[in-house]
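What follows is a single structure, written as C-alpha cells, with notes after it.
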Amino acid sequence: MAKLTRRHLLGAAASGLLAGGAGKAAAARHGLRKAPAVLRGASPPRPVIMLDPGHGGKDPGAIGVSGTYEKHIAVAAATELHALLMASGRYDVVLSRTDDRFIPLAGRVELAHRHKADLFISMHADALHQSDVRGASVYTLSGNASDRQTALLAETENSADRFAGPGMADVPPDVEEILNSLVHEETRRGSAHMAASVIRSFQNRIQLLHHPSRHAAFRVLKSGDIPSVLVEMGFMSNHLDEQALRRAAHRTQITQAMKQAIDGYFLRQRKGML
C-alpha cells in the first residue's frame with residue numbers, strides 16, 4: 001500500500017474514505033486527532049500566479065546604456081511583486097527563479113504547468129535599436145507580430161535559448177505549429193484581458209510606450225491553457241528608462257501597479273466578466 005501523507009489523510013478523512021476505526025487509527029498515527037469538517041460554502045482555492053523574471057545566469061538579457069543587466073532588474077522587480085501578492089493573502093505565487101540562474105524558455109512554461117498556474121507573467125526590460133524609445137508595454141502571444149518593432153523584440157527574446165547549448169534552441173516547424181495550435185481561444189481572451197488590466201493600472205503612474213498593447217510569437221508565452229503576458233517595464237536601450245529601473249522607488253511603483261492589475265483581472269474573472 002502506498003504511503004499516505006498527512007494531506008492525503010486529511011482529504012480522505014474529510015471525504016469519509018477512512019471510516020470508523022481504521023480512519024481514526026491512521027489519523028492518530030499522523031497526529032490528527034479529529035478529521036476536519038467539510039464546510040459548505042468554503043472559499044475557493046487561491047489562484048496560482050507564476051512570475052517569471054526574464055533571462056538569468058549566462059544570459060544577461062539586455063545590457064543598459066550604463067551597463068545595467070536586464071536579468072538583475074527583472075528578478076528584483078519580480079521578487080518585490082511576489083512579496084506584495086503573498087502579503088495580500090489572496091494568491092499562491094511562484095517565482096521561476098529567485099537567483100541568478102539560466103532557465104530555458106520551455107522550462108519556464110513547464111514550471112507554470114507543474115505548479116498548475118492560473119496566470120503567467122514574464123517580466124522584462126529589453127533593448128531596442130532606437131535609443132529614443134521608452135516606456136512600459138505589454139505583449140501577448142500571436143502567430144503574427146503587431147508591428148515590426150515587436151517582431152524584432154520577439155526574435156531577440158526567442159533567441160535566449162542559444163545559451164542552452166546544442167539541441168535545445170531549435171524547435172522543429174511541426175512542433176512549433178502544434179504549440180501554436182494549443183493556444184486556445186479562451187486562453188487568448190484571458191491573456192488579452194490581463195494585458196488590458198496592466199495598461200489600465202499603468203496609466204497615469206508609469207510611462208507607457210506608444211500603442212502599449214502588442215503581440216508576437218513569444219515562445220515563453222506558449223502555454224496552451226494558462227493566460228500569459230510579457231511585461232516590458234521599460235527599455236534598457238533608453239538611458240532614462242534604465243535610470244528609472246535602477247531606482248527601487250520606481251520599481252515599487254511598477255510592482256504596485258502590477259498588483260492592482262492582477263487584482264482587477266481576478267475580480268473580473270470572479271464576476272464572470274472575462
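Convention: chains lettered A, B, ... in C-alpha cells order; per-chain residue numbering from 1; ligands numbered from 1 as shown.
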
Taking the DSSP assignment computed from this structure's backbone, write out as a CSV table (one decimal) with N, CA, C and O atoms, in the first residue's frame all residues of range 115-259 of chain A that belong to strand (DSSP E).
```
chain,number,residue,atom,x,y,z
A,119,LEU,N,-2.2,32.0,-14.0
A,119,LEU,CA,-1.7,33.2,-14.7
A,119,LEU,C,-0.2,33.2,-14.8
A,119,LEU,O,0.4,32.8,-13.8
A,120,PHE,N,0.3,33.5,-15.9
A,120,PHE,CA,1.8,33.5,-16.1
A,120,PHE,C,2.2,34.9,-16.5
A,120,PHE,O,1.7,35.5,-17.5
A,121,ILE,N,3.1,35.5,-15.8
A,121,ILE,CA,3.6,36.9,-16.1
A,121,ILE,C,5.1,36.8,-16.2
A,121,ILE,O,5.8,36.5,-15.3
A,122,SER,N,5.6,37.1,-17.4
A,122,SER,CA,7.0,37.2,-17.7
A,122,SER,C,7.5,38.7,-17.6
A,122,SER,O,6.8,39.5,-18.2
A,123,MET,N,8.5,39.0,-16.8
A,123,MET,CA,8.9,40.4,-16.6
A,123,MET,C,10.3,40.7,-17.2
A,123,MET,O,11.2,39.9,-17.0
A,124,HIS,N,10.3,41.8,-18.0
A,124,HIS,CA,11.5,42.1,-18.8
A,124,HIS,C,11.8,43.6,-18.8
A,124,HIS,O,10.9,44.4,-18.4
A,136,ALA,N,6.8,51.6,-20.7
A,136,ALA,CA,6.4,50.2,-20.5
A,136,ALA,C,5.4,49.7,-21.6
A,136,ALA,O,4.7,50.5,-22.2
A,137,SER,N,5.3,48.4,-21.7
A,137,SER,CA,4.4,47.8,-22.7
A,137,SER,C,4.0,46.4,-22.3
A,137,SER,O,4.7,45.8,-21.4
A,138,VAL,N,3.0,45.9,-22.9
A,138,VAL,CA,2.6,44.5,-22.5
A,138,VAL,C,2.4,43.7,-23.8
A,138,VAL,O,1.8,44.2,-24.8
A,139,TYR,N,2.8,42.5,-23.8
A,139,TYR,CA,2.7,41.6,-25.0
A,139,TYR,C,2.0,40.3,-24.7
A,139,TYR,O,2.1,39.7,-23.7
A,140,THR,N,1.2,39.9,-25.7
A,140,THR,CA,0.6,38.6,-25.7
A,140,THR,C,1.0,37.8,-26.9
A,140,THR,O,1.6,38.4,-27.8
A,141,LEU,N,0.6,36.6,-26.9
A,141,LEU,CA,1.1,35.7,-28.0
A,141,LEU,C,0.2,35.8,-29.2
A,141,LEU,O,-1.0,35.9,-29.1
A,208,LEU,N,4.0,54.9,-20.5
A,208,LEU,CA,3.7,53.8,-21.4
A,208,LEU,C,4.3,54.0,-22.8
A,208,LEU,O,4.4,55.2,-23.3
A,209,LEU,N,4.7,53.0,-23.5
A,209,LEU,CA,5.1,53.0,-24.9
A,209,LEU,C,3.8,53.4,-25.7
A,209,LEU,O,2.7,53.2,-25.4
A,210,HIS,N,4.1,54.1,-26.9
A,210,HIS,CA,3.0,54.4,-27.8
A,210,HIS,C,2.4,53.1,-28.3
A,210,HIS,O,3.1,52.1,-28.7
A,211,HIS,N,1.1,52.9,-28.2
A,211,HIS,CA,0.4,51.7,-28.5
A,211,HIS,C,1.0,50.6,-27.6
A,211,HIS,O,1.7,49.7,-28.1
A,212,PRO,N,0.7,50.6,-26.3
A,212,PRO,CA,1.4,49.7,-25.4
A,212,PRO,C,1.0,48.3,-25.4
A,212,PRO,O,1.7,47.4,-24.9
A,213,SER,N,-0.1,47.9,-26.0
A,213,SER,CA,-0.6,46.5,-26.1
A,213,SER,C,-0.2,46.0,-27.4
A,213,SER,O,-0.7,46.4,-28.5
A,214,ARG,N,0.7,45.0,-27.4
A,214,ARG,CA,1.2,44.4,-28.7
A,214,ARG,C,1.3,42.9,-28.6
A,214,ARG,O,1.1,42.3,-27.5
A,215,HIS,N,1.5,42.3,-29.7
A,215,HIS,CA,1.6,40.8,-29.7
A,215,HIS,C,2.5,40.3,-30.8
A,215,HIS,O,2.8,41.0,-31.8
A,216,ALA,N,3.1,39.1,-30.5
A,216,ALA,CA,4.0,38.4,-31.4
A,216,ALA,C,4.2,37.0,-30.9
A,216,ALA,O,3.6,36.6,-29.9
A,228,SER,N,-1.3,34.3,-20.4
A,228,SER,CA,0.1,34.6,-20.2
A,228,SER,C,0.4,36.0,-20.9
A,228,SER,O,-0.1,36.3,-22.0
A,229,VAL,N,1.2,36.8,-20.2
A,229,VAL,CA,1.6,38.1,-20.7
A,229,VAL,C,3.1,38.3,-20.4
A,229,VAL,O,3.6,37.8,-19.5
A,230,LEU,N,3.7,39.1,-21.3
A,230,LEU,CA,5.1,39.5,-21.1
A,230,LEU,C,5.0,41.0,-20.9
A,230,LEU,O,4.5,41.8,-21.7
A,231,VAL,N,5.5,41.5,-19.7
A,231,VAL,CA,5.5,42.9,-19.4
A,231,VAL,C,6.9,43.5,-19.5
A,231,VAL,O,7.9,43.0,-18.9
A,232,GLU,N,7.0,44.4,-20.4
A,232,GLU,CA,8.3,45.2,-20.6
A,232,GLU,C,8.2,46.4,-19.7
A,232,GLU,O,7.4,47.3,-19.9
```

To one decimal in Å, tell me the separation between CA of Ala151 in chain A and CA of Leu128 in chain A.
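Between these atoms lies a distance of 11.2 Å.
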
Within 12 Å of Ile206 in chain A using only C-alpha atoms, minus same-chain residues under 5 positions, as an MDAnalysis selection string:
chainID A and resid 134:137 198:201 212 232:234 241 244:245 249:258

Hey, which of A:Glu157, A:Asp118, A:Asp92, A:Asp147 ends up closest to Glu70 in chain A? Count only C-alpha atoms.
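Distance minimum relative to Glu70 in chain A lands on A:Glu157.
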
List the neighbours of Arg108 in chain A out to 10 Å using only C-alpha atoms; skip same-chain residues closer than 6 positions along the sequence, and give me the result as a list of chain:residue names.
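In the requested format, the answer is A:Met50, A:Leu51, A:Asp52, A:Pro53, A:Gly54, A:Leu95, A:Ser96, A:Arg97, A:Arg114, A:Phe120, A:Ser122, A:Arg219, A:Val220, A:Leu221, A:Ser223.
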
Would you pick out the contacts of Leu85 in chain A at 8 Å or less, using only C-alpha atoms, so that residues sharing its chain but fewer than 6 positions from it are not included, and give the list as a ChimeraX atom specification?
/A:91,93,259

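You will find CA of His129 in chain A at 28.6 Å from CA of Asp99 in chain A.
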
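Nearest to Ala62 in chain A of all the residues A:Ser237, A:Gln260, A:Thr150, A:Thr79 is A:Ser237, based on only C-alpha atoms.
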
Got a sec to tell me which of range 52-260 of chain A DSSP assigns to alpha helix (DSSP H), as a PyMOL selection string?
chain A and resi 70-88+105-114+148-158+173-181+185-202+239-246+248-260

So how far away is CA of Pro47 in chain A from CA of Ala83 in chain A, in Å?
15.4 Å

Of the residues A:Met86, A:Leu152, A:Leu274, A:Val65, which is the one nearest to Asn238 in chain A, using only C-alpha atoms?
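Using only C-alpha atoms, the shortest distance to Asn238 in chain A belongs to A:Val65.
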
Please determine, counting only C-alpha atoms, which residue among A:Ala106, A:Met273, A:Met236, A:Ala196 has the shortest atom-to-atom distance to His72 in chain A.
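The closest residue to His72 in chain A is A:Met236.
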